file work.cif (mmCIF, C-alpha atoms)
data_protein
#
loop_
_atom_site.label_atom_id
_atom_site.label_comp_id
_atom_site.auth_asym_id
_atom_site.auth_seq_id
_atom_site.Cartn_x
_atom_site.Cartn_y
_atom_site.Cartn_z
CA MET N 1 139.33 102.09 115.34
CA THR N 2 137.88 99.34 113.08
CA HIS N 3 135.80 99.85 109.98
CA GLN N 4 133.59 97.30 108.27
CA THR N 5 134.72 96.14 104.85
CA HIS N 6 131.28 95.09 103.54
CA ALA N 7 128.11 96.92 102.58
CA TYR N 8 125.76 95.30 105.08
CA HIS N 9 124.39 96.84 108.25
CA MET N 10 125.52 95.32 111.54
CA VAL N 11 123.16 97.01 113.97
CA ASN N 12 124.27 98.23 117.43
CA PRO N 13 122.83 96.12 120.27
CA SER N 14 119.40 97.55 120.99
CA PRO N 15 116.94 97.28 123.88
CA TRP N 16 113.84 97.87 121.75
CA PRO N 17 113.08 94.27 120.74
CA LEU N 18 112.95 93.40 124.44
CA THR N 19 110.81 96.37 125.42
CA GLY N 20 108.58 95.69 122.42
CA ALA N 21 108.05 92.08 123.44
CA LEU N 22 107.36 93.07 127.04
CA SER N 23 104.93 95.75 125.91
CA ALA N 24 103.06 93.05 123.96
CA LEU N 25 102.83 91.03 127.18
CA LEU N 26 101.51 94.07 129.02
CA MET N 27 98.94 94.84 126.33
CA THR N 28 97.57 91.30 126.22
CA SER N 29 97.52 90.74 129.98
CA GLY N 30 96.17 94.28 130.24
CA LEU N 31 93.25 93.35 128.01
CA THR N 32 92.56 90.37 130.25
CA MET N 33 92.61 92.54 133.38
CA TRP N 34 90.30 95.02 131.69
CA PHE N 35 87.83 92.41 130.45
CA HIS N 36 87.66 90.33 133.60
CA PHE N 37 88.83 92.35 136.57
CA ASN N 38 87.77 95.91 135.76
CA SER N 39 91.32 97.29 135.86
CA ASN N 40 93.05 99.18 133.07
CA ILE N 41 96.47 99.91 134.60
CA LEU N 42 98.24 97.12 132.74
CA LEU N 43 96.58 97.98 129.44
CA THR N 44 97.58 101.64 129.79
CA LEU N 45 101.14 100.63 130.67
CA GLY N 46 101.17 98.30 127.69
CA LEU N 47 99.99 100.97 125.26
CA MET N 48 102.49 103.50 126.65
CA THR N 49 105.47 101.16 126.48
CA ASN N 50 104.42 100.03 123.02
CA SER N 51 104.35 103.63 121.80
CA LEU N 52 107.68 104.38 123.49
CA THR N 53 109.26 101.35 121.84
CA MET N 54 107.93 102.20 118.38
CA TYR N 55 109.06 105.83 118.67
CA GLN N 56 112.59 104.97 119.80
CA TRP N 57 113.07 102.01 117.46
CA TRP N 58 112.08 103.96 114.36
CA ARG N 59 113.95 107.05 115.58
CA ASP N 60 117.05 104.83 115.65
CA VAL N 61 116.38 103.59 112.11
CA VAL N 62 116.29 107.21 110.92
CA ARG N 63 119.57 107.85 112.75
CA GLU N 64 121.20 104.78 111.24
CA SER N 65 120.12 105.69 107.71
CA THR N 66 119.93 109.45 107.29
CA PHE N 67 122.59 110.37 109.84
CA GLN N 68 124.99 107.42 109.75
CA GLY N 69 124.62 106.32 106.14
CA HIS N 70 124.16 102.62 106.81
CA HIS N 71 121.42 102.15 104.23
CA THR N 72 123.44 101.13 101.21
CA ILE N 73 121.72 99.76 98.12
CA ILE N 74 121.97 96.23 99.43
CA VAL N 75 120.49 97.19 102.79
CA GLN N 76 117.70 99.10 101.06
CA THR N 77 116.94 96.04 98.93
CA GLY N 78 116.50 94.02 102.10
CA LEU N 79 114.16 96.66 103.48
CA ARG N 80 112.13 96.58 100.28
CA TYR N 81 111.74 92.82 100.51
CA GLY N 82 110.78 93.21 104.14
CA MET N 83 108.08 95.78 103.50
CA ILE N 84 106.64 93.76 100.65
CA LEU N 85 106.53 90.62 102.78
CA PHE N 86 104.89 92.54 105.61
CA ILE N 87 102.21 93.94 103.31
CA MET N 88 101.63 90.44 101.94
CA SER N 89 101.05 89.19 105.47
CA GLU N 90 98.48 91.95 105.92
CA VAL N 91 96.79 90.86 102.71
CA PHE N 92 96.36 87.41 104.21
CA PHE N 93 95.08 88.95 107.42
CA PHE N 94 92.28 90.68 105.52
CA ALA N 95 91.71 87.61 103.35
CA GLY N 96 90.47 85.85 106.48
CA PHE N 97 87.79 88.46 107.11
CA PHE N 98 86.71 88.46 103.48
CA TRP N 99 86.48 84.65 103.69
CA ALA N 100 84.24 84.97 106.72
CA PHE N 101 82.03 87.50 104.92
CA TYR N 102 81.63 85.39 101.78
CA HIS N 103 81.13 82.20 103.79
CA SER N 104 78.15 83.73 105.57
CA SER N 105 76.74 85.83 102.76
CA LEU N 106 76.88 83.33 99.88
CA ALA N 107 74.79 80.78 101.79
CA PRO N 108 72.70 82.69 104.32
CA THR N 109 71.32 80.41 107.03
CA PRO N 110 67.62 79.98 107.86
CA SER N 111 68.11 81.98 111.06
CA LEU N 112 68.96 84.97 108.87
CA GLY N 113 65.90 84.40 106.75
CA GLY N 114 67.78 82.59 104.00
CA TYR N 115 68.81 85.80 102.29
CA TRP N 116 71.46 88.51 102.48
CA PRO N 117 71.35 91.16 103.90
CA PRO N 118 69.67 89.23 106.70
CA ALA N 119 66.15 89.91 107.92
CA GLY N 120 65.89 93.14 109.88
CA ILE N 121 69.14 94.63 108.59
CA ASN N 122 69.00 97.94 106.70
CA PRO N 123 72.38 98.19 105.04
CA LEU N 124 74.03 101.53 104.31
CA ASN N 125 73.35 102.98 100.87
CA PRO N 126 76.53 102.31 98.87
CA MET N 127 75.91 105.39 96.72
CA GLU N 128 76.06 107.80 99.65
CA VAL N 129 78.98 108.22 102.10
CA PRO N 130 80.64 104.91 101.12
CA LEU N 131 80.96 106.16 97.54
CA LEU N 132 82.41 109.45 98.78
CA ASN N 133 84.89 107.46 100.86
CA THR N 134 85.91 105.54 97.76
CA LEU N 135 86.54 108.75 95.86
CA VAL N 136 88.47 110.22 98.80
CA LEU N 137 90.85 107.27 98.92
CA LEU N 138 91.25 107.13 95.14
CA ALA N 139 92.08 110.84 95.15
CA SER N 140 94.64 110.24 97.89
CA GLY N 141 96.24 107.65 95.64
CA VAL N 142 96.64 110.32 93.01
CA SER N 143 98.06 112.89 95.44
CA ILE N 144 100.56 110.43 96.87
CA THR N 145 101.78 109.66 93.36
CA TRP N 146 102.18 113.39 92.80
CA THR N 147 104.15 113.52 96.05
CA HIS N 148 106.49 110.82 94.85
CA HIS N 149 107.13 112.45 91.50
CA SER N 150 107.76 115.81 93.17
CA LEU N 151 110.25 114.11 95.49
CA MET N 152 112.05 112.50 92.60
CA GLU N 153 112.19 115.81 90.74
CA GLY N 154 113.56 117.61 93.77
CA ASN N 155 110.55 119.89 94.08
CA ARG N 156 110.31 120.54 97.81
CA LYS N 157 107.28 122.80 97.76
CA HIS N 158 105.16 120.45 95.65
CA SER N 159 106.17 117.34 97.56
CA LEU N 160 105.14 118.95 100.84
CA GLN N 161 101.84 120.22 99.40
CA ALA N 162 100.92 116.90 97.81
CA LEU N 163 101.83 114.95 100.95
CA LEU N 164 99.75 117.31 103.06
CA ILE N 165 96.78 116.81 100.72
CA THR N 166 97.20 113.03 101.00
CA ILE N 167 97.21 113.22 104.78
CA PHE N 168 94.14 115.46 104.87
CA LEU N 169 92.27 113.05 102.60
CA GLY N 170 93.20 110.22 104.96
CA ILE N 171 91.88 112.16 107.94
CA TYR N 172 88.75 113.09 105.99
CA PHE N 173 88.11 109.40 105.27
CA THR N 174 88.54 108.54 108.94
CA LEU N 175 86.12 111.26 110.05
CA LEU N 176 83.51 110.24 107.45
CA GLN N 177 83.80 106.62 108.47
CA ALA N 178 83.52 107.53 112.15
CA SER N 179 80.31 109.41 111.48
CA GLU N 180 78.99 106.42 109.49
CA TYR N 181 79.74 104.18 112.47
CA LEU N 182 77.83 106.48 114.81
CA GLU N 183 74.86 106.82 112.46
CA ALA N 184 74.58 103.21 111.27
CA PRO N 185 71.21 101.60 111.99
CA PHE N 186 72.88 98.30 112.89
CA THR N 187 75.57 97.36 115.40
CA ILE N 188 78.32 94.78 115.66
CA SER N 189 76.01 92.50 117.60
CA ASP N 190 73.37 92.42 114.89
CA SER N 191 73.94 88.88 113.63
CA ILE N 192 76.81 87.78 111.46
CA TYR N 193 76.11 90.79 109.24
CA GLY N 194 77.16 93.19 111.99
CA SER N 195 80.17 91.07 112.92
CA THR N 196 81.57 90.81 109.41
CA PHE N 197 80.79 94.44 108.60
CA PHE N 198 82.37 96.04 111.64
CA VAL N 199 85.35 93.70 112.00
CA ALA N 200 86.35 94.03 108.33
CA THR N 201 85.73 97.78 108.03
CA GLY N 202 87.02 98.34 111.55
CA PHE N 203 90.39 96.74 110.89
CA HIS N 204 90.52 98.64 107.63
CA GLY N 205 89.90 101.91 109.48
CA LEU N 206 92.68 101.07 111.90
CA HIS N 207 95.02 100.56 108.95
CA VAL N 208 93.98 103.92 107.50
CA MET N 209 94.97 105.51 110.80
CA ILE N 210 98.30 103.69 110.82
CA GLY N 211 98.94 104.71 107.22
CA THR N 212 98.05 108.33 107.96
CA THR N 213 100.48 108.31 110.89
CA PHE N 214 103.23 106.85 108.70
CA LEU N 215 102.59 109.56 106.08
CA THR N 216 102.71 112.25 108.77
CA ILE N 217 106.11 110.99 109.88
CA CYS N 218 107.21 111.23 106.25
CA LEU N 219 105.93 114.81 106.15
CA LEU N 220 108.00 115.70 109.21
CA ARG N 221 111.07 114.04 107.73
CA GLN N 222 110.60 115.81 104.42
CA LEU N 223 110.30 119.14 106.26
CA LYS N 224 113.59 118.32 107.96
CA PHE N 225 115.33 117.58 104.65
CA HIS N 226 115.85 113.88 105.36
CA PHE N 227 114.83 112.68 101.89
CA THR N 228 116.89 113.11 98.73
CA SER N 229 115.62 112.84 95.19
CA LYS N 230 117.30 109.45 94.83
CA HIS N 231 116.94 107.99 98.32
CA HIS N 232 113.63 108.17 100.14
CA PHE N 233 112.67 104.59 100.90
CA GLY N 234 110.78 105.53 104.08
CA PHE N 235 108.38 107.48 101.91
CA GLU N 236 108.13 104.67 99.34
CA ALA N 237 107.28 102.19 102.08
CA ALA N 238 104.56 104.55 103.34
CA ALA N 239 103.24 104.93 99.79
CA TRP N 240 103.11 101.16 99.23
CA TYR N 241 101.24 100.76 102.52
CA TRP N 242 98.85 103.54 101.57
CA HIS N 243 98.06 101.96 98.19
CA PHE N 244 97.45 98.64 99.98
CA VAL N 245 94.97 100.35 102.32
CA ASP N 246 93.24 101.87 99.29
CA VAL N 247 92.95 98.51 97.52
CA VAL N 248 91.53 96.82 100.62
CA TRP N 249 88.86 99.53 100.73
CA LEU N 250 87.98 98.91 97.08
CA PHE N 251 87.45 95.23 97.87
CA LEU N 252 85.41 96.15 100.95
CA TYR N 253 83.29 98.58 98.97
CA ILE N 254 82.58 96.13 96.13
CA SER N 255 81.96 93.11 98.37
CA ILE N 256 80.36 94.31 101.58
CA TYR N 257 78.88 97.68 100.73
CA TRP N 258 77.73 97.09 97.17
CA TRP N 259 77.25 93.38 96.48
CA GLY N 260 76.26 92.78 100.10
CA SER N 261 73.49 95.38 100.17
CA MET E 1 144.38 97.10 100.00
CA LEU E 2 140.81 96.93 101.13
CA ARG E 3 138.75 99.79 99.88
CA SER E 4 136.65 101.36 102.61
CA LEU E 5 133.10 101.21 101.41
CA PRO E 6 130.86 104.27 101.56
CA VAL E 7 129.47 103.32 104.94
CA LEU E 8 129.71 106.70 106.47
CA ARG E 9 128.51 108.71 103.52
CA GLN E 10 125.00 109.23 102.24
CA ILE E 11 124.30 107.38 99.02
CA ALA E 12 123.10 110.47 97.19
CA GLN E 13 124.10 113.84 98.52
CA ARG E 14 121.57 115.62 96.37
CA THR E 15 119.18 117.10 98.91
CA ILE E 16 115.99 118.70 97.76
CA SER E 17 116.62 122.13 96.29
CA THR E 18 116.10 125.51 97.96
CA ALA E 19 115.27 125.84 101.63
CA SER E 20 111.72 126.86 102.31
CA ARG E 21 111.17 130.52 102.97
CA ARG E 22 109.76 129.49 106.37
CA HIS E 23 111.79 128.49 109.39
CA PHE E 24 113.14 125.17 108.20
CA GLU E 25 116.87 124.99 107.78
CA ASN E 26 118.68 121.88 106.77
CA LYS E 27 120.19 120.55 109.97
CA VAL E 28 121.02 117.12 108.55
CA PRO E 29 124.80 117.77 108.23
CA GLU E 30 124.97 118.66 111.94
CA LYS E 31 123.12 115.50 112.83
CA GLN E 32 125.37 113.46 110.59
CA LYS E 33 128.38 114.83 112.44
CA LEU E 34 126.85 114.09 115.84
CA PHE E 35 125.86 110.53 115.00
CA GLN E 36 129.07 109.65 113.20
CA GLU E 37 131.33 110.69 116.05
CA ASP E 38 133.58 107.79 116.91
CA ASN E 39 132.76 107.56 120.63
CA GLY E 40 131.49 103.98 120.87
CA ILE E 41 128.04 105.08 122.08
CA PRO E 42 125.24 102.88 120.66
CA VAL E 43 122.77 104.61 118.37
CA HIS E 44 119.90 104.51 120.86
CA LEU E 45 121.86 106.67 123.31
CA LYS E 46 123.96 108.69 120.90
CA GLY E 47 121.63 111.67 120.70
CA GLY E 48 122.39 112.92 124.19
CA VAL E 49 121.00 112.99 127.71
CA GLY E 50 117.40 112.91 126.52
CA ASP E 51 118.01 109.50 124.98
CA ALA E 52 119.22 108.05 128.27
CA LEU E 53 116.26 109.46 130.17
CA LEU E 54 113.75 108.12 127.67
CA TYR E 55 115.51 104.74 127.67
CA ARG E 56 115.45 104.55 131.44
CA ALA E 57 111.78 105.54 131.58
CA THR E 58 110.89 102.91 129.00
CA MET E 59 112.81 100.18 130.82
CA ILE E 60 111.32 101.05 134.21
CA LEU E 61 107.80 100.99 132.80
CA THR E 62 108.25 97.72 130.87
CA VAL E 63 110.13 95.79 133.55
CA GLY E 64 107.98 97.19 136.32
CA GLY E 65 104.87 96.48 134.33
CA THR E 66 106.00 92.92 133.70
CA ALA E 67 106.52 92.35 137.40
CA TYR E 68 103.05 93.75 138.05
CA ALA E 69 101.55 91.53 135.36
CA ILE E 70 103.14 88.44 136.92
CA TYR E 71 101.85 89.54 140.32
CA GLN E 72 98.32 89.91 138.95
CA LEU E 73 98.63 86.49 137.35
CA ALA E 74 99.59 85.00 140.69
CA MET E 75 96.66 86.72 142.38
CA ALA E 76 94.23 85.54 139.72
CA SER E 77 95.55 81.99 139.92
CA PHE E 78 94.66 81.55 143.58
CA PRO E 79 91.16 82.95 144.08
CA LYS E 80 90.37 83.96 147.66
CA LYS E 81 87.85 81.65 149.35
CA GLN E 82 84.62 83.33 150.34
CA ALA E 83 84.08 83.30 154.11
#

call {"tool": "encode", "arguments": {"input": "work.cif", "output": "structure tokens"}}
result
Amino acid sequence: MTHQTHAYHMVNPSPWPLTGALSALLMTSGLTMWFHFNSNILLTLGLMTNSLTMYQWWRDVVRESTFQGHHTIIVQTGLRYGMILFIMSEVFFFAGFFWAFYHSSLAPTPSLGGYWPPAGINPLNPMEVPLLNTLVLLASGVSITWTHHSLMEGNRKHSLQALLITIFLGIYFTLLQASEYLEAPFTISDSIYGSTFFVATGFHGLHVMIGTTFLTICLLRQLKFHFTSKHHFGFEAAAWYWHFVDVVWLFLYISIYWWGS
Amino acid sequence: MLRSLPVLRQIAQRTISTASRRHFENKVPEKQKLFQEDNGIPVHLKGGVGDALLYRATMILTVGGTAYAIYQLAMASFPKKQA
């Protein structure tokens, strides 16, 4: 029976990177089959295997950390770097869409009428639902900070309450935004305005949903006593992601909703 | 003498205080025992039979799906001539 004599984590061989890569193949070829050949079997398979991979991979990370104790300080530091680098990559992802928006809106072409918002576009009033959305996300930033402090103080009841509030606010945002999408007087095909609006806010909405899911997982783990007052990096990662999502919205609100209206 | 590092122990044993008055009991120690058993089983199968079933289902769907995707690619690459 051998034991390691270092503080790093040598992971057991795992099938999930392979299944993850194959699920990516199935999703992309599935999209092609859906777009061009009216078949959604591959896409469905792709989405299913992607979900299965994510569930099992992250389940294993919880096992390795909470149940097997592999997440020493040095391992946790690596995870922190990793999460920060991932969020930075997402920042650059959104930067592209903001670039596209500013490129088109700072110098509107003659075909748009030479002004922004373009001719024929009635933008949404930034002081109505978009402002509410801003307040909802800002409030969720407060509640998630309350969650973190409750966790650190060992207050189980408060941490669960505050996390639940954060999740509800996230869902509320998503529902409000969905209703805005349905009610909007313009569509994605309404010139470059529609494209930049729906692609930027659409990807943001997707990230809100991902963040809400991550927070829900944290809620389940907290209910199951996985987190301690000193060690709860899964929650911290979710909180960082959530703050990132909030900040992206603030930029969206200022640029597209307010300045762009 | 090499000191065995705290690989198999949680960094901070301080779990959150007082179990909720609802149905949630702290089952983490049981899980720790199950997953630290020295039986050579990799972590993705160590939880029991359910793990193996889910693993097999995932593999069948991904590998099968890949074969199907390659088949569709072959079909799409050689369009049938219209009579």

call {"tool": "closest_residue", "arguments": {"input": "work.cif", "among": "E:Thr62, E:Ala52, E:Asn39, E:Ala57", "to": "chain N", "atoms": "all atoms listed in the file"}}
result
E:Thr62

call {"tool": "resolve_selection", "arguments": {"input": "work.cif", "expression": "the PyMOL selection byres ((chain N and resi 18) around 12)", "output": "list in words"}}
result
Pro13, Ser14, Pro15, Trp16, Pro17, Thr19, Gly20, Ala21, Leu22, Ser23, Ala24, Leu25, Thr49, Asn50, Thr53, Met54 and Trp57 of chain N; Thr58, Met59, Thr62, Val63 and Thr66 of chain E

call {"tool": "closest_residue", "arguments": {"input": "work.cif", "among": "N:Ser229, N:Thr44, N:Thr145, N:Ser104", "to": "chain E", "atoms": "only C-alpha atoms"}}
result
N:Ser229

call {"tool": "residues_around", "arguments": {"input": "work.cif", "residues": "segment 186-192 of chain N", "least_positions_apart": "4", "cutoff": "7 Å", "atoms": "only C-alpha atoms", "output": "VMD selection string"}}
result
chain N and resid 121 196 198

call {"tool": "closest_atom_pairs", "arguments": {"input": "work.cif", "of": "chain N", "to": "chain E", "cutoff": "8 Å", "atoms": "all atoms listed in the file", "output": "CSV"}}
result
residue,atom,partner,partner_atom,distance
N:His3,CA,E:Ser4,CA,7.6
N:Gln4,CA,E:Ser4,CA,7.6
N:Thr5,CA,E:Ser4,CA,6.0
N:His6,CA,E:Leu5,CA,6.7
N:Ala7,CA,E:Leu5,CA,6.7
N:Asn12,CA,E:Pro42,CA,5.7
N:Pro13,CA,E:Pro42,CA,7.2
N:Ser14,CA,E:His44,CA,7.0
N:Thr19,CA,E:Thr62,CA,6.2
N:Leu22,CA,E:Thr62,CA,6.1
N:Ser23,CA,E:Thr62,CA,6.3
N:Leu25,CA,E:Thr66,CA,7.5
N:Leu26,CA,E:Thr66,CA,6.6
N:Ser29,CA,E:Ala69,CA,6.8
N:Gly30,CA,E:Ala69,CA,7.9
N:Leu42,CA,E:Gly65,CA,6.8
N:Leu45,CA,E:Gly65,CA,6.7
N:Gly46,CA,E:Thr62,CA,7.8
N:Thr49,CA,E:Thr58,CA,6.2
N:Leu52,CA,E:Thr58,CA,6.5
N:Thr53,CA,E:Thr58,CA,7.5
N:Gln56,CA,E:His44,CA,7.4
N:Asp60,CA,E:His44,CA,5.9
N:Arg63,CA,E:Phe35,CA,7.2
N:Glu64,CA,E:Val43,CA,7.3
N:Thr66,CA,E:Gln10,CA,7.2
N:Phe67,CA,E:Gln32,CA,4.2
N:Gln68,CA,E:Gln36,CA,5.8
N:Gly69,CA,E:Gln10,CA,4.9
N:His70,CA,E:Val7,CA,5.7
N:His71,CA,E:Ile11,CA,7.9
N:Thr72,CA,E:Ile11,CA,6.7
N:Leu151,CA,E:Ile16,CA,7.7
N:Gly154,CA,E:Ile16,CA,4.8
N:Asn155,CA,E:Ile16,CA,6.7
N:Arg156,CA,E:Ile16,CA,6.0
N:Lys157,CA,E:Ser20,CA,7.5
N:Leu223,CA,E:Phe24,CA,6.9
N:Lys224,CA,E:Asn26,CA,6.3
N:Phe225,CA,E:Asn26,CA,5.8
N:His226,CA,E:Val28,CA,6.9
N:Phe227,CA,E:Thr15,CA,6.9
N:Thr228,CA,E:Thr15,CA,4.6
N:Ser229,CA,E:Ile16,CA,6.4
N:Lys230,CA,E:Ala12,CA,6.3
N:His231,CA,E:Ala12,CA,6.7

call {"tool": "resolve_selection", "arguments": {"input": "work.cif", "expression": "the PyMOL selection byres ((chain N and resi 161) around 12)", "output": "NGL selection string"}}
result
:N and (143-144 or 146-148 or 150-151 or 155-160 or 162-168 or 219 or 222-223)

call {"tool": "residues_around", "arguments": {"input": "work.cif", "residues": "Phe93 of chain N", "least_positions_apart": "6", "cutoff": "12 Å", "atoms": "all atoms listed in the file", "output": "list in words"}}
result
Phe86, Ile87, Trp99, Ala100, Val199, Ala200, Phe203, His204, His207 and Val248 of chain N

call {"tool": "closest_residue", "arguments": {"input": "work.cif", "among": "N:Thr109, N:Gly194, N:Phe101, N:Ile217", "to": "Val62 of chain N", "atoms": "all atoms listed in the file"}}
result
N:Ile217

call {"tool": "atom_distance", "arguments": {"input": "work.cif", "atom1": "atom CA of Val75 of chain N", "atom2": "atom CA of Phe233 of chain N"}}
result
10.9 Å

call {"tool": "atom_distance", "arguments": {"input": "work.cif", "atom1": "atom CA of Leu131 of chain N", "atom2": "atom CA of Glu180 of chain N"}}
result
12.1 Å

call {"tool": "resolve_selection", "arguments": {"input": "work.cif", "expression": "the PyMOL selection byres ((chain N and resi 237) around 12)", "output": "JSON, numbers by chain"}}
result
{"N": [76, 77, 79, 80, 81, 82, 83, 84, 85, 86, 87, 144, 148, 211, 214, 215, 217, 218, 231, 232, 233, 234, 235, 236, 238, 239, 240, 241, 242, 243, 244]}

call {"tool": "axis_aligned_box", "arguments": {"input": "work.cif", "around": "segment 44-61 of chain E", "padding_each_side": "5 Å", "output": "JSON"}}
result
{"center_x": 115.9, "center_y": 106.6, "center_z": 127.5, "size_x": 26.2, "size_y": 22.8, "size_z": 23.5}

call {"tool": "atom_distance", "arguments": {"input": "work.cif", "atom1": "atom CA of Met27 of chain N", "atom2": "atom CA of Leu47 of chain N"}}
result
6.3 Å

call {"tool": "residues_near_point", "arguments": {"input": "work.cif", "point": "(93.1, 109.4, 111.6)", "cutoff": "6 Å", "atoms": "all atoms listed in the file", "output": "JSON, numbers by chain"}}
result
{"N": [171, 174, 209]}

call {"tool": "write_last_selection", "arguments": {"input": "work.cif", "atoms": "C-alpha atoms", "output": "short mmCIF file (atom, residue, chain, number, x, y, z; two decimals), in the frame of the given file"}}
result
data_model
loop_
_atom_site.label_atom_id
_atom_site.label_comp_id
_atom_site.auth_asym_id
_atom_site.auth_seq_id
_atom_site.Cartn_x
_atom_site.Cartn_y
_atom_site.Cartn_z
CA ILE N 171 91.88 112.16 107.94
CA THR N 174 88.54 108.54 108.94
CA MET N 209 94.97 105.51 110.80
#

call {"tool": "decode", "arguments": {"input": "work.cif", "residues": "segment 27-43 of chain N", "atoms": "N, CA, C and O atoms", "output": "PDB file, in the first residue's frame"}}
result
ATOM      1  N   MET N  27     -22.232  17.490 -30.421  1.00  0.00           N
ATOM      2  CA  MET N  27     -23.006  18.739 -30.407  1.00  0.00           C
ATOM      3  C   MET N  27     -22.788  19.523 -31.679  1.00  0.00           C
ATOM      4  O   MET N  27     -23.737  20.039 -32.287  1.00  0.00           O
ATOM      5  N   THR N  28     -21.541  19.623 -32.127  1.00  0.00           N
ATOM      6  CA  THR N  28     -21.249  20.419 -33.321  1.00  0.00           C
ATOM      7  C   THR N  28     -21.775  19.739 -34.577  1.00  0.00           C
ATOM      8  O   THR N  28     -22.443  20.370 -35.404  1.00  0.00           O
ATOM      9  N   SER N  29     -21.524  18.440 -34.730  1.00  0.00           N
ATOM     10  CA  SER N  29     -22.055  17.758 -35.912  1.00  0.00           C
ATOM     11  C   SER N  29     -23.583  17.702 -35.815  1.00  0.00           C
ATOM     12  O   SER N  29     -24.276  17.758 -36.837  1.00  0.00           O
ATOM     13  N   GLY N  30     -24.083  17.639 -34.588  1.00  0.00           N
ATOM     14  CA  GLY N  30     -25.526  17.664 -34.380  1.00  0.00           C
ATOM     15  C   GLY N  30     -26.153  18.962 -34.854  1.00  0.00           C
ATOM     16  O   GLY N  30     -27.235  18.961 -35.466  1.00  0.00           O
ATOM     17  N   LEU N  31     -25.456  20.078 -34.606  1.00  0.00           N
ATOM     18  CA  LEU N  31     -25.951  21.368 -35.074  1.00  0.00           C
ATOM     19  C   LEU N  31     -26.008  21.368 -36.601  1.00  0.00           C
ATOM     20  O   LEU N  31     -26.976  21.846 -37.202  1.00  0.00           O
ATOM     21  N   THR N  32     -24.961  20.827 -37.207  1.00  0.00           N
ATOM     22  CA  THR N  32     -24.913  20.755 -38.674  1.00  0.00           C
ATOM     23  C   THR N  32     -26.089  19.936 -39.204  1.00  0.00           C
ATOM     24  O   THR N  32     -26.777  20.351 -40.149  1.00  0.00           O
ATOM     25  N   MET N  33     -26.328  18.778 -38.588  1.00  0.00           N
ATOM     26  CA  MET N  33     -27.433  17.926 -39.053  1.00  0.00           C
ATOM     27  C   MET N  33     -28.771  18.627 -38.865  1.00  0.00           C
ATOM     28  O   MET N  33     -29.686  18.482 -39.674  1.00  0.00           O
ATOM     29  N   TRP N  34     -28.880  19.397 -37.806  1.00  0.00           N
ATOM     30  CA  TRP N  34     -30.127  20.124 -37.537  1.00  0.00           C
ATOM     31  C   TRP N  34     -30.335  21.257 -38.544  1.00  0.00           C
ATOM     32  O   TRP N  34     -31.406  21.420 -39.118  1.00  0.00           O
ATOM     33  N   PHE N  35     -29.249  22.033 -38.780  1.00  0.00           N
ATOM     34  CA  PHE N  35     -29.358  23.156 -39.700  1.00  0.00           C
ATOM     35  C   PHE N  35     -29.655  22.699 -41.122  1.00  0.00           C
ATOM     36  O   PHE N  35     -30.471  23.287 -41.815  1.00  0.00           O
ATOM     37  N   HIS N  36     -28.927  21.656 -41.560  1.00  0.00           N
ATOM     38  CA  HIS N  36     -28.942  21.346 -42.984  1.00  0.00           C
ATOM     39  C   HIS N  36     -29.750  20.126 -43.385  1.00  0.00           C
ATOM     40  O   HIS N  36     -30.111  19.996 -44.539  1.00  0.00           O
ATOM     41  N   PHE N  37     -29.955  19.200 -42.437  1.00  0.00           N
ATOM     42  CA  PHE N  37     -30.618  17.962 -42.843  1.00  0.00           C
ATOM     43  C   PHE N  37     -31.858  17.643 -42.016  1.00  0.00           C
ATOM     44  O   PHE N  37     -32.350  16.527 -42.028  1.00  0.00           O
ATOM     45  N   ASN N  38     -32.345  18.643 -41.281  1.00  0.00           N
ATOM     46  CA  ASN N  38     -33.595  18.484 -40.541  1.00  0.00           C
ATOM     47  C   ASN N  38     -33.621  17.270 -39.599  1.00  0.00           C
ATOM     48  O   ASN N  38     -34.618  16.558 -39.527  1.00  0.00           O
ATOM     49  N   SER N  39     -32.485  17.025 -38.924  1.00  0.00           N
ATOM     50  CA  SER N  39     -32.445  15.885 -37.999  1.00  0.00           C
ATOM     51  C   SER N  39     -31.827  16.353 -36.686  1.00  0.00           C
ATOM     52  O   SER N  39     -30.792  17.024 -36.693  1.00  0.00           O
ATOM     53  N   ASN N  40     -32.490  16.019 -35.560  1.00  0.00           N
ATOM     54  CA  ASN N  40     -31.879  16.479 -34.304  1.00  0.00           C
ATOM     55  C   ASN N  40     -31.425  15.355 -33.377  1.00  0.00           C
ATOM     56  O   ASN N  40     -31.223  15.571 -32.183  1.00  0.00           O
ATOM     57  N   ILE N  41     -31.229  14.157 -33.938  1.00  0.00           N
ATOM     58  CA  ILE N  41     -30.788  13.032 -33.093  1.00  0.00           C
ATOM     59  C   ILE N  41     -29.399  13.303 -32.521  1.00  0.00           C
ATOM     60  O   ILE N  41     -29.146  13.150 -31.324  1.00  0.00           O
ATOM     61  N   LEU N  42     -28.476  13.687 -33.427  1.00  0.00           N
ATOM     62  CA  LEU N  42     -27.093  13.896 -32.994  1.00  0.00           C
ATOM     63  C   LEU N  42     -26.993  15.021 -31.972  1.00  0.00           C
ATOM     64  O   LEU N  42     -26.266  14.909 -30.981  1.00  0.00           O
ATOM     65  N   LEU N  43     -27.748  16.087 -32.212  1.00  0.00           N
ATOM     66  CA  LEU N  43     -27.701  17.225 -31.289  1.00  0.00           C
ATOM     67  C   LEU N  43     -28.202  16.806 -29.915  1.00  0.00           C
ATOM     68  O   LEU N  43     -27.592  17.124 -28.883  1.00  0.00           O
TER      69      LEU N  43
END
